[in-house]
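These notes are about the structure you will find just below.
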Amino acid sequence: MEEQIEVLLQKSGNAIICKELLINTQNLLIEEKVKMNDTQWLSLTSHLSAMVYRSIHKEQIAPIDVNLFNEVSLESINLAEKICMMLPNLHVDEKYLLSIHFEAAKMNHSL
């Protein structure tokens with residue numbers, strides 16, 4: 001898995017910024033007691049790498065219908081927002097896409 005993460009760090013366009021974002025995200029997940037399995041962590045890492053790329057290149061995601069995220073907990077959305085605020089130039093709706101990773105992790109561990 002370390003090899004896959006290294007590839008994603010490089011794809012981000014700035015491996016140093018991406019690694020810092022990963023570390024900060026990991027620390028927030030620990031604080032919030034959100035546990036991810038390896039597959040979820042790899043998926044999250046891929047998303048974070050893409051966010052770094054979009055931030056660097058000032059690429060915006062298409063606006064999202066936030067009503068699609070009504071069932072996502074406010075905690076997951078707030079956690080995602082904290083992470084999105086670590087990078088400049090991201091579309092405000094990025095937090096909704098990111099929140100899905102945390103919601104899925106919470107659901108898996110509450111079963």
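Residues in the structure tokens are numbered from 1 in each chain, the chains being A, B, ... in the order shown, and ligands are numbered from 1 in the order shown.
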
(message) Can you pull out the residues contacting range 73-83 of chain A? Cut-off 12 Å, using only C-alpha atoms, and skip same-chain residues under 2 positions away; I want them as a count of residues only.
(response) 47

As a short mmCIF file (atom, residue, chain, number, x, y, z; two decimals) with N, CA and C atoms, in the first residue's frame, please: the residues near Ser12 in chain A (cut-off 6 Å, only C-alpha atoms, same-chain neighbours under 6 positions excluded).
```
data_model
loop_
_atom_site.label_atom_id
_atom_site.label_comp_id
_atom_site.auth_asym_id
_atom_site.auth_seq_id
_atom_site.Cartn_x
_atom_site.Cartn_y
_atom_site.Cartn_z
N SER A 49 -5.08 13.67 -2.96
CA SER A 49 -4.11 13.94 -4.02
C SER A 49 -4.75 14.76 -5.14
N ALA A 50 -5.96 14.38 -5.52
CA ALA A 50 -6.68 15.12 -6.56
C ALA A 50 -7.01 16.54 -6.10
N VAL A 52 -5.22 18.34 -4.00
CA VAL A 52 -3.96 19.11 -4.07
C VAL A 52 -3.72 19.53 -5.51
N TYR A 53 -3.91 18.60 -6.44
CA TYR A 53 -3.73 18.91 -7.86
C TYR A 53 -4.66 20.05 -8.29
#
```

(request) Return the single residue from A:Leu42, A:Asn108, A:Asn37, A:His57 that is closest to Glu3 in chain A, with distances computed using only C-alpha atoms. (result) A:Leu42

(request) Can you work out the spacing between CA of Met36 in chain A and CA of Pro63 in chain A in Å, to one decimal? (result)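 For CA of Met36 in chain A relative to CA of Pro63 in chain A, the distance reads 27.4 Å.
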
(request) Would you please extract all helix (DSSP H, G or I) residues from range 52-93 of chain A, as assigned by DSSP on the backbone, and give them as a ChimeraX atom specification? (result) /A:52-57,66-69,74-84

With N, CA and C atoms retained, export the selected residues as a short mmCIF file (atom, residue, chain, number, x, y, z; two decimals), in the first residue's frame.
```cif
data_model
loop_
_atom_site.label_atom_id
_atom_site.label_comp_id
_atom_site.auth_asym_id
_atom_site.auth_seq_id
_atom_site.Cartn_x
_atom_site.Cartn_y
_atom_site.Cartn_z
N VAL A 52 -5.22 18.34 -4.00
CA VAL A 52 -3.96 19.11 -4.07
C VAL A 52 -3.72 19.53 -5.51
N TYR A 53 -3.91 18.60 -6.44
CA TYR A 53 -3.73 18.91 -7.86
C TYR A 53 -4.66 20.05 -8.29
N ARG A 54 -5.94 19.95 -7.92
CA ARG A 54 -6.90 21.00 -8.28
C ARG A 54 -6.53 22.34 -7.64
N SER A 55 -6.05 22.28 -6.41
CA SER A 55 -5.65 23.50 -5.71
C SER A 55 -4.49 24.19 -6.42
N ILE A 56 -3.48 23.41 -6.77
CA ILE A 56 -2.29 23.95 -7.44
C ILE A 56 -2.65 24.54 -8.81
N HIS A 57 -3.47 23.82 -9.55
CA HIS A 57 -3.80 24.21 -10.92
C HIS A 57 -5.07 25.06 -11.02
N VAL A 66 -26.34 20.03 -3.24
CA VAL A 66 -26.07 19.67 -1.85
C VAL A 66 -27.19 18.82 -1.24
N ASN A 67 -28.36 18.84 -1.85
CA ASN A 67 -29.46 18.01 -1.35
C ASN A 67 -29.14 16.52 -1.45
N LEU A 68 -28.21 16.17 -2.33
CA LEU A 68 -27.80 14.77 -2.45
C LEU A 68 -27.07 14.29 -1.21
N PHE A 69 -26.64 15.23 -0.37
CA PHE A 69 -25.85 14.89 0.80
C PHE A 69 -26.64 15.06 2.11
N LEU A 74 -23.53 15.95 9.80
CA LEU A 74 -22.89 17.26 9.90
C LEU A 74 -21.44 17.11 10.36
N GLU A 75 -21.18 16.11 11.20
CA GLU A 75 -19.82 15.86 11.67
C GLU A 75 -18.88 15.53 10.51
N SER A 76 -19.34 14.69 9.60
CA SER A 76 -18.52 14.33 8.44
C SER A 76 -18.30 15.53 7.53
N ILE A 77 -19.34 16.32 7.33
CA ILE A 77 -19.21 17.51 6.48
C ILE A 77 -18.27 18.52 7.13
N ASN A 78 -18.40 18.71 8.43
CA ASN A 78 -17.51 19.65 9.13
C ASN A 78 -16.06 19.20 9.10
N LEU A 79 -15.84 17.91 9.26
CA LEU A 79 -14.48 17.36 9.18
C LEU A 79 -13.91 17.60 7.79
N ALA A 80 -14.70 17.34 6.79
CA ALA A 80 -14.26 17.56 5.40
C ALA A 80 -13.96 19.03 5.16
N GLU A 81 -14.78 19.91 5.72
CA GLU A 81 -14.56 21.34 5.53
C GLU A 81 -13.23 21.78 6.17
N LYS A 82 -12.92 21.24 7.34
CA LYS A 82 -11.64 21.57 7.99
C LYS A 82 -10.47 21.20 7.08
N ILE A 83 -10.58 20.05 6.45
CA ILE A 83 -9.51 19.58 5.57
C ILE A 83 -9.44 20.43 4.31
N CYS A 84 -10.58 20.74 3.73
CA CYS A 84 -10.61 21.56 2.52
C CYS A 84 -10.02 22.95 2.78
#
```

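Note that CA of Val72 in chain A and CA of Glu59 in chain A are 25.1 Å apart.
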
(message) Report, in Å to a single decimal, how far apart CA of Leu9 in chain A and CA of Ser46 in chain A are.
(response) 8.4 Å
